[in-house]
file query_21.txt (compact mmCIF, C-alpha atoms and all ligand atoms)
# COMPACT_ATOMS: atom_id res chain seq x y z
CA MET H 113 81.57 122.44 122.64
CA MET H 114 81.56 125.37 125.07
CA ASN H 115 81.57 129.06 124.48
CA GLU H 116 82.62 132.14 126.33
CA SER H 117 79.38 132.50 128.24
CA ASP H 118 80.12 129.17 129.95
CA LEU H 119 83.37 130.46 131.31
CA GLU H 120 84.15 131.50 134.80
CA ILE H 121 87.15 133.75 135.10
CA PRO H 122 89.74 131.83 137.11
CA GLU H 123 90.65 133.24 140.49
CA GLY H 124 94.23 134.02 139.69
CA LYS H 125 96.37 133.72 136.63
CA SER H 126 99.97 132.72 136.91
CA VAL H 127 102.24 135.73 137.07
CA ALA H 128 104.59 134.06 134.62
CA GLN H 129 101.84 133.77 132.05
CA LEU H 130 100.75 137.36 132.55
CA GLU H 131 104.33 138.47 132.09
CA ARG H 132 104.56 136.42 128.96
CA LEU H 133 101.41 138.09 127.61
CA ILE H 134 102.79 141.55 128.24
CA GLU H 135 106.04 140.58 126.58
CA ILE H 136 104.16 139.23 123.56
CA SER H 137 102.01 142.32 123.34
CA ARG H 138 105.13 144.47 123.24
CA SER H 139 106.73 142.37 120.56
CA LEU H 140 103.57 142.37 118.43
CA ASN H 141 103.48 146.12 118.36
CA SER H 142 107.10 146.37 117.37
CA THR H 143 106.53 145.26 113.78
CA LEU H 144 104.29 146.56 111.03
CA GLU H 145 105.26 143.90 108.55
CA LEU H 146 102.28 141.63 108.14
CA ARG H 147 103.92 138.26 107.40
CA PRO H 148 106.47 138.25 110.25
CA LEU H 149 103.77 139.62 112.55
CA LEU H 150 101.33 136.80 111.76
CA GLN H 151 104.09 134.26 112.23
CA ARG H 152 104.94 135.78 115.61
CA ILE H 153 101.31 135.67 116.73
CA ALA H 154 100.94 132.03 115.70
CA ARG H 155 104.10 131.06 117.57
CA ALA H 156 102.98 132.92 120.68
CA ALA H 157 99.56 131.24 120.56
CA GLN H 158 101.16 127.83 120.28
CA GLN H 159 103.47 128.47 123.22
CA LEU H 160 100.82 130.02 125.45
CA THR H 161 98.42 127.12 124.97
CA ASP H 162 101.06 124.40 124.80
CA THR H 163 99.69 122.97 121.58
CA GLU H 164 101.10 121.20 118.53
CA GLU H 165 100.01 123.82 116.03
CA SER H 166 98.52 127.26 115.81
CA SER H 167 97.08 129.06 112.83
CA ILE H 168 95.53 132.37 111.86
CA LEU H 169 92.64 132.92 109.47
CA LEU H 170 91.72 136.38 108.20
CA LEU H 171 88.24 137.27 107.04
CA ASP H 172 87.65 138.45 103.48
CA ARG H 173 84.62 140.69 103.91
CA LYS H 174 83.77 140.69 100.23
CA THR H 175 83.49 136.93 99.85
CA GLY H 176 82.63 136.13 103.47
CA GLN H 177 85.32 133.44 103.40
CA LEU H 178 88.21 132.90 105.78
CA HIS H 179 91.76 132.54 104.50
CA PHE H 180 94.51 130.75 106.36
CA GLU H 181 97.32 133.31 106.51
CA ALA H 182 99.87 131.75 108.86
CA ALA H 183 100.59 128.63 110.84
CA THR H 184 103.44 127.54 113.06
CA ASN H 185 104.41 124.38 111.21
CA LEU H 186 102.37 124.21 108.02
CA PRO H 187 103.91 126.60 105.49
CA GLY H 188 101.61 125.50 102.68
CA ILE H 189 98.45 126.31 104.61
CA ARG H 190 98.16 129.79 103.15
CA SER H 191 96.25 128.79 100.05
CA ILE H 192 93.45 127.11 102.00
CA VAL H 193 90.13 128.92 102.09
CA VAL H 194 87.51 128.07 104.69
CA PRO H 195 83.78 128.74 104.24
CA MET H 196 81.78 130.72 106.79
CA GLU H 197 79.15 127.99 107.06
CA GLY H 198 80.31 124.57 108.14
CA SER H 199 83.53 125.56 109.85
CA ILE H 200 84.63 126.18 113.43
CA ALA H 201 86.31 129.43 112.35
CA GLY H 202 83.06 130.56 110.69
CA LEU H 203 81.20 129.86 113.92
CA VAL H 204 83.71 131.95 115.87
CA VAL H 205 83.28 134.86 113.44
CA GLN H 206 79.49 134.64 113.53
CA THR H 207 79.23 134.45 117.31
CA SER H 208 82.32 136.54 118.05
CA LYS H 209 83.01 134.11 120.89
CA PRO H 210 85.73 131.56 121.63
CA VAL H 211 84.95 127.97 120.80
CA VAL H 212 86.49 124.87 122.33
CA VAL H 213 86.18 121.61 120.42
CA PRO H 214 87.51 118.66 122.45
CA ASP H 215 87.00 116.16 119.64
CA ALA H 216 87.19 117.80 116.21
CA ARG H 217 86.37 114.67 114.19
CA SER H 218 82.97 114.28 115.81
CA ASP H 219 82.04 117.97 115.61
CA PRO H 220 79.60 118.85 112.79
CA HIS H 221 81.22 122.26 112.34
CA PHE H 222 84.69 120.85 111.71
CA TYR H 223 85.91 121.64 108.17
CA ARG H 224 87.71 118.43 107.23
CA GLN H 225 89.13 119.66 103.94
CA ALA H 226 91.62 121.87 105.80
CA ASP H 227 93.14 118.73 107.37
CA GLU H 228 93.13 116.91 104.07
CA GLN H 229 94.77 119.78 102.21
CA SER H 230 97.38 120.50 104.87
CA ASP H 231 98.19 116.90 105.77
CA PHE H 232 97.52 117.59 109.42
CA SER H 233 95.44 115.59 111.84
CA THR H 234 93.35 117.82 114.09
CA ARG H 235 92.16 116.33 117.37
CA SER H 236 91.13 119.31 119.46
CA ILE H 237 90.65 123.00 118.71
CA LEU H 238 90.55 126.21 120.67
CA ALA H 239 89.52 129.07 118.39
CA VAL H 240 89.12 132.71 119.44
CA PRO H 241 87.95 135.75 117.49
CA MET H 242 90.34 138.53 116.54
CA VAL H 243 88.27 141.61 117.23
CA VAL H 244 89.06 145.27 116.57
CA ARG H 245 86.52 147.88 117.61
CA GLY H 246 83.69 145.39 117.58
CA ASN H 247 84.62 143.94 114.17
CA VAL H 248 85.89 140.40 113.83
CA ILE H 249 88.81 140.49 111.39
CA GLY H 250 89.90 136.89 111.80
CA VAL H 251 90.30 133.84 113.98
CA LEU H 252 93.25 132.59 116.01
CA GLU H 253 93.33 128.85 116.50
CA ALA H 254 95.35 126.50 118.71
CA LEU H 255 95.24 122.85 117.70
CA ASN H 256 95.91 119.61 119.57
CA LYS H 257 96.75 120.23 123.19
CA ARG H 258 100.06 118.51 123.80
CA SER H 259 100.24 115.14 125.53
CA GLY H 260 96.61 114.54 124.71
CA GLY H 261 95.36 116.95 127.40
CA GLU H 262 92.26 119.10 127.19
CA PHE H 263 91.95 122.85 126.80
CA MET H 264 91.50 124.52 130.19
CA ARG H 265 89.63 127.71 130.93
CA GLU H 266 92.91 129.45 131.41
CA ASP H 267 93.90 128.53 127.83
CA VAL H 268 90.68 130.06 126.56
CA GLU H 269 91.25 133.20 128.54
CA MET H 270 94.89 133.61 127.54
CA LEU H 271 94.22 133.01 123.87
CA THR H 272 91.28 135.43 123.94
CA VAL H 273 93.52 138.17 125.31
CA LEU H 274 96.19 137.35 122.74
CA GLY H 275 93.55 137.31 119.95
CA GLY H 276 92.47 140.83 120.89
CA GLN H 277 96.00 142.18 120.98
CA ALA H 278 96.90 140.38 117.77
CA ALA H 279 93.85 141.82 116.01
CA VAL H 280 94.92 145.39 116.71
CA ALA H 281 98.49 144.71 115.58
CA VAL H 282 97.28 143.01 112.38
CA GLN H 283 94.87 145.84 111.60
CA ASN H 284 97.69 148.36 112.04
CA ALA H 285 99.97 146.39 109.74
CA LEU H 286 97.24 146.16 107.10
CA LEU H 287 96.61 149.89 107.27
CA PHE H 288 100.30 150.70 107.20
CA GLN H 289 100.80 148.56 104.11
CA GLN H 290 97.96 150.32 102.40
CA SER H 291 99.16 153.83 103.19
CA ASP H 292 102.69 152.97 102.18
CA LEU H 293 101.44 151.60 98.90
CA VAL H 294 99.18 154.57 98.25
CA ALA H 295 102.12 156.96 98.60
CA GLU H 296 104.11 154.90 96.11
CA ILE H 297 101.19 154.62 93.71
CA VAL H 298 100.71 158.38 93.62
CA HIS H 299 104.41 158.87 93.05
CA GLU H 300 104.56 156.36 90.18
CA MET H 301 101.46 157.71 88.47
CA ARG H 302 102.69 161.26 88.52
CA THR H 303 105.25 160.84 85.72
CA PRO H 304 102.89 159.50 83.04
CA LEU H 305 100.18 161.92 84.19
CA MET H 306 102.59 164.83 83.79
CA SER H 307 103.37 163.84 80.24
CA VAL H 308 99.67 163.36 79.42
CA ILE H 309 98.97 166.89 80.65
CA GLY H 310 102.06 168.33 78.97
CA TYR H 311 101.36 166.85 75.53
CA ALA H 312 97.63 167.57 75.72
CA GLU H 313 98.51 171.22 76.33
CA LEU H 314 101.03 171.21 73.47
CA ILE H 315 98.44 169.89 71.02
CA GLN H 316 96.29 172.91 71.79
CA GLN H 317 99.03 175.45 71.07
CA PRO H 318 98.48 177.57 67.98
CA GLY H 319 100.63 176.69 64.97
CA MET H 320 100.86 172.94 65.60
CA THR H 321 101.01 170.94 62.39
CA LEU H 322 98.70 167.96 61.92
CA GLU H 323 101.75 165.71 61.99
CA GLN H 324 102.86 167.11 65.35
CA CYS H 325 99.35 166.80 66.75
CA GLN H 326 99.19 163.16 65.66
CA GLN H 327 102.61 162.44 67.14
CA PHE H 328 101.69 164.02 70.50
CA ALA H 329 98.30 162.31 70.56
CA GLY H 330 100.16 159.01 70.07
CA ILE H 331 102.33 159.79 73.12
CA VAL H 332 99.26 160.69 75.18
CA GLU H 333 97.66 157.38 74.16
CA GLY H 334 100.80 155.43 75.10
CA GLU H 335 101.05 157.12 78.49
CA ALA H 336 97.35 156.56 79.17
CA GLU H 337 97.82 152.86 78.38
CA ARG H 338 100.74 152.76 80.75
CA LEU H 339 98.58 154.33 83.46
CA THR H 340 95.92 151.67 82.90
CA GLY H 341 98.57 148.94 83.20
CA LEU H 342 99.89 150.56 86.38
CA ALA H 343 96.38 150.77 87.85
CA ASP H 344 95.82 147.05 87.19
CA SER H 345 99.16 146.11 88.75
CA PHE H 346 98.51 148.32 91.77
CA LEU H 347 95.17 146.70 92.38
CA ASP H 348 96.69 143.24 92.16
CA LEU H 349 99.51 144.18 94.45
CA ALA H 350 97.27 145.93 96.98
CA LYS H 351 95.12 142.82 97.23
CA LEU H 352 98.06 140.43 97.47
CA GLU H 353 99.87 142.59 100.03
CA SER H 354 96.96 143.20 102.33
CA GLY H 355 96.25 139.49 102.55
CA ARG H 356 92.79 140.14 101.09
CA ALA H 357 93.47 138.39 97.84
CA SER H 358 91.06 135.54 97.57
CA LEU H 359 93.07 132.85 95.90
CA ALA H 360 90.90 130.36 94.12
CA CYS H 361 91.71 126.92 95.41
CA ALA H 362 91.28 124.18 92.86
CA PRO H 363 93.47 121.57 91.17
CA VAL H 364 95.46 123.32 88.44
CA ASP H 365 97.24 121.64 85.55
CA LEU H 366 100.42 123.68 85.30
CA SER H 367 101.27 122.32 81.91
CA THR H 368 98.08 123.94 80.51
CA VAL H 369 98.87 127.19 82.32
CA ILE H 370 102.36 127.28 80.79
CA HIS H 371 101.17 126.50 77.27
CA MET H 372 98.47 129.16 77.51
CA ALA H 373 100.97 131.80 78.60
CA VAL H 374 103.34 130.79 75.82
CA SER H 375 100.64 131.04 73.16
CA VAL H 376 99.62 134.50 74.41
CA LEU H 377 103.23 135.69 74.16
CA THR H 378 104.28 133.97 70.93
CA PRO H 379 103.34 136.93 68.68
CA GLN H 380 105.44 139.24 70.88
CA ALA H 381 108.38 136.81 70.77
CA ASN H 382 108.09 136.50 66.97
CA ALA H 383 107.97 140.26 66.56
CA ARG H 384 111.19 140.59 68.57
CA GLN H 385 112.75 137.55 66.91
CA VAL H 386 113.18 135.81 70.24
CA GLY H 387 112.90 132.01 70.28
CA LEU H 388 110.45 130.47 72.74
CA SER H 389 110.45 126.81 73.83
CA VAL H 390 108.65 124.69 76.42
CA ASN H 391 109.94 121.50 77.96
CA ILE H 392 107.55 119.79 80.35
CA ILE H 393 109.33 116.82 81.85
CA ASP H 394 107.05 113.96 83.01
CA ASP H 395 103.33 114.11 83.50
CA LEU H 396 102.92 116.94 85.96
CA PRO H 397 100.55 116.15 88.83
CA PRO H 398 98.07 118.99 89.58
CA VAL H 399 98.90 121.73 92.08
CA VAL H 400 96.19 123.19 94.29
CA GLY H 401 95.89 126.88 93.61
CA ASP H 402 94.62 129.70 91.51
CA GLY H 403 95.00 129.03 87.80
CA GLN H 404 94.50 132.65 86.81
CA ARG H 405 97.13 133.95 89.16
CA LEU H 406 99.59 131.28 88.11
CA HIS H 407 98.90 132.25 84.50
CA GLN H 408 99.69 135.84 85.45
CA ALA H 409 102.97 134.75 87.10
CA MET H 410 103.97 132.82 83.96
CA LEU H 411 103.07 135.78 81.74
CA ASN H 412 105.25 138.06 83.87
CA LEU H 413 108.30 135.78 83.80
CA ILE H 414 108.12 134.73 80.15
CA GLY H 415 107.08 138.27 79.15
CA ASN H 416 110.17 139.68 80.88
CA GLY H 417 112.38 137.15 79.15
CA ILE H 418 111.05 138.27 75.77
CA LYS H 419 111.05 141.96 76.70
CA TYR H 420 114.65 142.12 77.85
CA CYS H 421 116.07 139.77 75.18
CA GLY H 422 117.20 140.90 71.76
CA SER H 423 116.92 139.42 68.31
CA GLY H 424 118.39 135.88 68.17
CA ASP H 425 118.02 135.29 71.91
CA HIS H 426 115.99 132.45 73.37
CA VAL H 427 113.58 131.92 76.29
CA ALA H 428 113.15 128.35 77.55
CA VAL H 429 110.41 127.29 79.96
CA THR H 430 110.94 124.02 81.83
CA ALA H 431 108.69 122.30 84.36
CA LYS H 432 109.30 119.10 86.26
CA ARG H 433 108.46 117.30 89.45
CA GLU H 434 111.05 117.07 92.21
CA GLY H 435 109.76 115.08 95.17
CA ASP H 436 106.98 117.05 96.85
CA VAL H 437 107.16 120.08 94.59
CA LEU H 438 106.86 121.17 90.99
CA VAL H 439 109.83 123.17 89.77
CA VAL H 440 109.32 125.68 86.98
CA SER H 441 112.10 127.68 85.40
CA VAL H 442 112.17 130.42 82.80
CA ALA H 443 115.67 130.82 81.40
CA ASP H 444 116.72 133.37 78.82
CA THR H 445 119.90 134.15 76.94
CA GLY H 446 119.38 137.91 77.31
CA PRO H 447 121.52 140.67 78.83
CA GLY H 448 121.42 139.30 82.39
CA ILE H 449 121.02 141.27 85.59
CA PRO H 450 124.02 142.89 87.34
CA ALA H 451 125.02 141.09 90.56
CA ASP H 452 124.42 144.18 92.71
CA ALA H 453 120.85 144.47 91.40
CA LEU H 454 119.88 140.83 92.05
CA PRO H 455 119.06 141.21 95.76
CA ARG H 456 116.60 144.01 94.96
CA ILE H 457 114.96 142.45 91.95
CA PHE H 458 111.69 141.45 93.72
CA GLU H 459 111.25 144.82 95.46
CA ARG H 460 108.28 146.79 94.31
CA PHE H 461 109.05 149.48 91.72
CA TYR H 462 112.65 148.35 91.46
CA ARG H 463 114.04 148.43 87.92
CA VAL H 464 117.67 147.85 87.04
CA PRO H 465 119.10 151.25 86.11
CA ASP H 466 118.87 151.78 82.34
CA SER H 467 115.98 149.29 82.00
CA GLU H 468 113.84 152.21 80.91
CA CYS H 469 115.89 152.41 77.70
CA GLN H 470 115.39 148.68 77.04
CA ALA H 471 111.71 148.20 77.72
CA VAL H 472 108.62 149.86 79.15
CA GLY H 473 107.84 148.63 82.64
CA SER H 474 106.68 149.49 86.13
CA GLY H 475 108.97 147.40 88.30
CA LEU H 476 105.92 145.62 89.71
CA GLY H 477 105.79 142.42 87.63
CA LEU H 478 108.34 140.49 89.67
CA THR H 479 106.90 141.73 92.98
CA ILE H 480 103.48 140.43 91.96
CA THR H 481 104.96 137.16 90.72
CA HIS H 482 106.83 136.72 93.99
CA LYS H 483 103.63 137.30 95.97
CA ILE H 484 101.67 134.85 93.84
CA VAL H 485 104.25 132.10 94.29
CA GLU H 486 104.46 132.83 98.01
CA ALA H 487 100.66 132.73 98.33
CA HIS H 488 100.78 129.22 96.89
CA GLY H 489 103.31 128.12 99.49
CA GLY H 490 106.18 128.09 96.98
CA GLU H 491 109.48 129.90 96.62
CA ILE H 492 111.02 131.88 93.80
CA SER H 493 114.67 132.63 93.09
CA VAL H 494 116.78 134.18 90.37
CA SER H 495 120.24 133.50 89.03
CA SER H 496 121.88 135.62 86.41
CA GLU H 497 125.17 136.35 84.77
CA GLU H 498 125.68 139.63 82.94
CA GLY H 499 125.92 139.03 79.22
CA GLU H 500 124.91 135.37 79.64
CA GLY H 501 121.24 135.43 80.58
CA THR H 502 118.81 135.10 83.45
CA THR H 503 116.93 132.18 85.01
CA PHE H 504 113.93 132.54 87.29
CA THR H 505 112.99 129.34 89.14
CA PHE H 506 109.99 128.76 91.37
CA THR H 507 108.52 125.84 93.24
CA LEU H 508 104.92 124.92 93.98
CA PRO H 509 104.01 122.35 96.61
CA LEU H 510 102.04 119.40 95.28
CA GLU H 511 98.55 118.43 96.29
CA GLY H 512 98.59 115.97 99.14
CA ALA H 513 102.28 116.52 99.84
CA ALA H 514 103.47 117.58 103.29
CA GLY H 515 103.40 121.36 103.69
CA ASP H 516 100.90 121.38 100.89
CA ALA H 517 99.50 124.63 99.36
P1 LIG H 601 109.34 145.70 84.75
O1 LIG H 601 109.76 144.70 83.74
O2 LIG H 601 107.93 146.17 84.58
O3 LIG H 601 110.30 146.82 84.91
P2 LIG H 601 109.65 143.64 86.77
O4 LIG H 601 109.28 143.69 88.22
O5 LIG H 601 109.02 142.58 85.95
O6 LIG H 601 109.32 145.07 86.20
O7 LIG H 601 111.22 143.51 86.66
C1 LIG H 601 112.04 144.36 87.44
C2 LIG H 601 113.34 144.62 86.74
O8 LIG H 601 114.11 143.43 86.68
C3 LIG H 601 113.19 145.07 85.29
O9 LIG H 601 113.00 146.46 85.21
C4 LIG H 601 114.52 144.64 84.70
O10 LIG H 601 115.49 145.62 85.00
C5 LIG H 601 114.88 143.39 85.49
N1 LIG H 601 114.52 142.13 84.78
C6 LIG H 601 113.43 141.36 85.00
N2 LIG H 601 113.45 140.26 84.23
C7 LIG H 601 114.59 140.32 83.50
C8 LIG H 601 115.18 139.46 82.52
N3 LIG H 601 114.61 138.31 82.14
N4 LIG H 601 116.37 139.85 82.00
C9 LIG H 601 116.97 141.01 82.38
N5 LIG H 601 116.45 141.86 83.29
C10 LIG H 601 115.27 141.53 83.86
call {"tool": "encode", "arguments": {"input": "query_21.txt", "output": "C-alpha cells"}}
result
Amino acid sequence: MMNESDLEIPEGKSVAQLERLIEISRSLNSTLELRPLLQRIARAAQQLTDTEESSILLLDRKTGQLHFEAATNLPGIRSIVVPMEGSIAGLVVQTSKPVVVPDARSDPHFYRQADEQSDFSTRSILAVPMVVRGNVIGVLEALNKRSGGEFMREDVEMLTVLGGQAAVAVQNALLFQQSDLVAEIVHEMRTPLMSVIGYAELIQQPGMTLEQCQQFAGIVEGEAERLTGLADSFLDLAKLESGRASLACAPVDLSTVIHMAVSVLTPQANARQVGLSVNIIDDLPPVVGDGQRLHQAMLNLIGNGIKYCGSGDHVAVTAKREGDVLVVSVADTGPGIPADALPRIFERFYRVPDSECQAVGSGLGLTITHKIVEAHGGEISVSSEEGEGTTFTFTLPLEGAAGDA
C-alpha cells in the first residue's frame, strides 16, 4: 500500500490528459442533478485510469458509514453500505489521502462483502478522497487496472484532481436539491397552515355556536394531521434525494413485507368495500435491502389502490421470481390514470387533476416509492387504462444475482 506522501509529482503530465481533465471538469459543473452527475464522475474516473470499474461512495456523517452511490457497470451496488473500520474507503476518509492497493485480496483493509454482494472480483484498487473545504464527503475508487497492469503515480494524481473537482460538483448538487425541496415544502405546507389559521380565528369570533366550533376544530385537527403526514414524507424524501438515506442492508423476505402491509391496510379496504388479495407465486428468495422502506413502498402502492378505488373494486398484489429479479405488481380495478398524466406520475407533488376530490394526498407517495425501489437497484413502472384500472410493477434484484442490490 502507498499513500500520497510517498508520491513524487511526475515531471510532466500528458497534454491530452490535462485537456481531458479540463473537459471533464466543465461537464461536471454543467449538471446539478445528483444521479447523472455521479454516473458521469464514475465514467470519467474509469476512463482516466483505464480500469474495469469505478465507483463512488458518499459518507453519511450521522452513522459514519459509507454508501455506494454509483458505479460504472454495477447498477445494483447502490444498496451496499461499507463500514468506516475495516475498509479501504474508510481508510481514505480517515487519512484524507489516496490509497493504492495492488493486491486487494491480501490487504487487511479490503472489505470483501462488497465484492460478494456485487458479484465483482476486485484485484487492485486506487481510492482517492472527495474533499470540499477540508471535509471528506466521499471516496472515488478505480478498480482493476486493465490488462493486469499496476496503478501508476500519474493515475493517482489524475484521480486525485478528479476527486477534488467531483467533490465540489457533488456538494453543489446536494445543496441545490435541498434548496429546491425546501422551496417546495414551504409552498405545500402553506395551504393547510392557512386553513388552520383561518379556522382557529373563526372559532374565536363572537356568536359562534358550539356546533360550529366543534366543526371548525375538526377541520383544524384534520389539517394538522395532514401537516404531520407532509412533514414525515418531506423528511423521507429529503433523505432519499440527498443520498443520505442509510438503507439497512439485510436479507428481506418480501412475502412477509407484503403480508404485513396488507394486514395494516385491510381495515381501510373493508371500510371502503374494496377487495384485497395477495398471490405470491413460488417460494420467494430473499432480497438484500431495507425491510422498513420496502414496507413503506408496499403501503404506498396498496394504499393508493384502496384510496382511489370505489366500492366493489379490487386490489391484487402479486409477487414472483423472474430470473435474477423479483417482480411485484399491485393491480387495481379503479378509475385508472389518464394517459397524459402517466409520464408525470412519479414527479414529486404531482397529483392527477381532480384527485383532490377523490382522496386526500400530497403527491409524494409515488415519488418516495420510486426512490425506494431505485435505491434497491430495481425499477418501477405503471400501466393504466382510464375506467379499467391501474397496475404498478417493480423489480428488485436478487441476492447473489449479477447487478445485485
Ligand atoms: P397522493 O396519493 O398522496 O396524491 P401519490 O404520489 O401516491 O400521491 O400519487 C400521485 C397521484 O397519482 C395521485 O394523486 C393520483 O392522482 C394518482 N394515482 C396514484 N395511484 C393511483 C391509483 N392506483 N389509481 C388512480 N390514480 C392513482
call {"tool": "closest_residue", "arguments": {"input": "query_21.txt", "among": "H:Phe180, H:Phe506, H:Phe458, H:Phe346", "to": "ligand LIG 601 (chain H)", "atoms": "all atoms listed in the file"}}
result
H:Phe458
call {"tool": "closest_atom_pairs", "arguments": {"input": "query_21.txt", "of": "range 177-240 of chain H", "to": "range 253-259 of chain H", "cutoff": "8 Å", "atoms": "only C-alpha atoms", "output": "JSON lines"}}
result
{"residue": "H:Thr234", "atom": "CA", "partner": "H:Asn256", "partner_atom": "CA", "distance": 6.3}
{"residue": "H:Arg235", "atom": "CA", "partner": "H:Asn256", "partner_atom": "CA", "distance": 5.4}
{"residue": "H:Ser236", "atom": "CA", "partner": "H:Asn256", "partner_atom": "CA", "distance": 4.8}
{"residue": "H:Ile237", "atom": "CA", "partner": "H:Leu255", "partner_atom": "CA", "distance": 4.7}
{"residue": "H:Leu238", "atom": "CA", "partner": "H:Ala254", "partner_atom": "CA", "distance": 5.2}
{"residue": "H:Ala239", "atom": "CA", "partner": "H:Glu253", "partner_atom": "CA", "distance": 4.3}
{"residue": "H:Val240", "atom": "CA", "partner": "H:Glu253", "partner_atom": "CA", "distance": 6.4}
call {"tool": "residues_near_ligand", "arguments": {"input": "query_21.txt", "ligand": "ligand LIG 601 (chain H)", "cutoff": "6 Å", "atoms": "only C-alpha atoms and all ligand atoms", "output": "list in words"}}
result
Asn416, Gly417, Tyr420, Gly446, Pro447, Gly448, Ile449, Ile457, Tyr462, Arg463, Val464, Ser467, Gly473, Ser474, Gly475, Leu476, Gly477, Leu478, Thr479 and Thr502 of chain H
call {"tool": "residues_around", "arguments": {"input": "query_21.txt", "residues": "Tyr223 in chain H", "least_positions_apart": "6", "cutoff": "8 Å", "atoms": "only C-alpha atoms", "output": "ChimeraX atom specification"}}
result
/H:194,198-200
call {"tool": "atom_distance", "arguments": {"input": "query_21.txt", "atom1": "CA of Asn141 in chain H", "atom2": "CA of Gly489 in chain H"}}
result
26.1 Å
call {"tool": "closest_residue", "arguments": {"input": "query_21.txt", "among": "H:Asp394, H:Ala329, H:Asp452, H:Arg152", "to": "Leu314 in chain H", "atoms": "all atoms listed in the file"}}
result
H:Ala329
call {"tool": "closest_residue", "arguments": {"input": "query_21.txt", "among": "H:Asp365, H:Glu269, H:Glu145, H:Glu164", "to": "Val282 in chain H", "atoms": "all atoms listed in the file"}}
result
H:Glu145
call {"tool": "closest_residue", "arguments": {"input": "query_21.txt", "among": "H:Gln408, H:Ser139, H:Thr378, H:Thr507", "to": "Arg433 in chain H", "atoms": "only C-alpha atoms"}}
result
H:Thr507
call {"tool": "closest_residue", "arguments": {"input": "query_21.txt", "among": "H:Ser495, H:Thr303, H:Gln129, H:Thr163", "to": "Phe263 in chain H", "atoms": "all atoms listed in the file"}}
result
H:Thr163
call {"tool": "decode", "arguments": {"input": "query_21.txt", "residues": "range 419-424 of chain H", "atoms": "all heavy atoms", "output": "PDB file, in the first residue's frame"}}
result
ATOM      1  N   LYS H 419     -57.264   3.678  -1.915  1.00  0.00           N
ATOM      2  CA  LYS H 419     -57.712   5.079  -1.821  1.00  0.00           C
ATOM      3  C   LYS H 419     -58.453   5.535  -3.076  1.00  0.00           C
ATOM      4  O   LYS H 419     -59.443   6.231  -2.996  1.00  0.00           O
ATOM      5  CB  LYS H 419     -56.452   5.920  -1.608  1.00  0.00           C
ATOM      6  CG  LYS H 419     -56.649   7.287  -1.079  1.00  0.00           C
ATOM      7  CD  LYS H 419     -55.331   7.826  -0.498  1.00  0.00           C
ATOM      8  CE  LYS H 419     -54.408   8.397  -1.553  1.00  0.00           C
ATOM      9  NZ  LYS H 419     -53.283   9.172  -0.994  1.00  0.00           N
ATOM     10  N   TYR H 420     -57.931   5.127  -4.235  1.00  0.00           N
ATOM     11  CA  TYR H 420     -58.526   5.641  -5.480  1.00  0.00           C
ATOM     12  C   TYR H 420     -59.606   4.700  -6.049  1.00  0.00           C
ATOM     13  O   TYR H 420     -60.249   5.038  -7.035  1.00  0.00           O
ATOM     14  CB  TYR H 420     -57.436   5.942  -6.517  1.00  0.00           C
ATOM     15  CG  TYR H 420     -56.565   7.094  -6.054  1.00  0.00           C
ATOM     16  CD1 TYR H 420     -55.286   6.888  -5.564  1.00  0.00           C
ATOM     17  CD2 TYR H 420     -57.068   8.395  -6.038  1.00  0.00           C
ATOM     18  CE1 TYR H 420     -54.506   7.932  -5.095  1.00  0.00           C
ATOM     19  CE2 TYR H 420     -56.305   9.448  -5.568  1.00  0.00           C
ATOM     20  CZ  TYR H 420     -55.025   9.211  -5.099  1.00  0.00           C
ATOM     21  OH  TYR H 420     -54.279  10.257  -4.620  1.00  0.00           O
ATOM     22  N   CYS H 421     -59.769   3.523  -5.432  1.00  0.00           N
ATOM     23  CA  CYS H 421     -60.829   2.610  -5.886  1.00  0.00           C
ATOM     24  C   CYS H 421     -62.146   2.944  -5.191  1.00  0.00           C
ATOM     25  O   CYS H 421     -62.151   3.579  -4.142  1.00  0.00           O
ATOM     26  CB  CYS H 421     -60.467   1.158  -5.535  1.00  0.00           C
ATOM     27  SG  CYS H 421     -59.406   0.373  -6.757  1.00  0.00           S
ATOM     28  N   GLY H 422     -63.231   2.475  -5.772  1.00  0.00           N
ATOM     29  CA  GLY H 422     -64.533   2.665  -5.140  1.00  0.00           C
ATOM     30  C   GLY H 422     -65.084   1.333  -4.665  1.00  0.00           C
ATOM     31  O   GLY H 422     -64.448   0.275  -4.848  1.00  0.00           O
ATOM     32  N   SER H 423     -66.268   1.398  -4.093  1.00  0.00           N
ATOM     33  CA  SER H 423     -66.904   0.198  -3.568  1.00  0.00           C
ATOM     34  C   SER H 423     -67.047  -0.856  -4.685  1.00  0.00           C
ATOM     35  O   SER H 423     -67.461  -0.537  -5.806  1.00  0.00           O
ATOM     36  CB  SER H 423     -68.273   0.603  -3.016  1.00  0.00           C
ATOM     37  OG  SER H 423     -69.040  -0.514  -2.788  1.00  0.00           O
ATOM     38  N   GLY H 424     -66.698  -2.110  -4.381  1.00  0.00           N
ATOM     39  CA  GLY H 424     -66.814  -3.191  -5.365  1.00  0.00           C
ATOM     40  C   GLY H 424     -65.558  -3.395  -6.195  1.00  0.00           C
ATOM     41  O   GLY H 424     -65.433  -4.392  -6.906  1.00  0.00           O
TER      42      GLY H 424
END
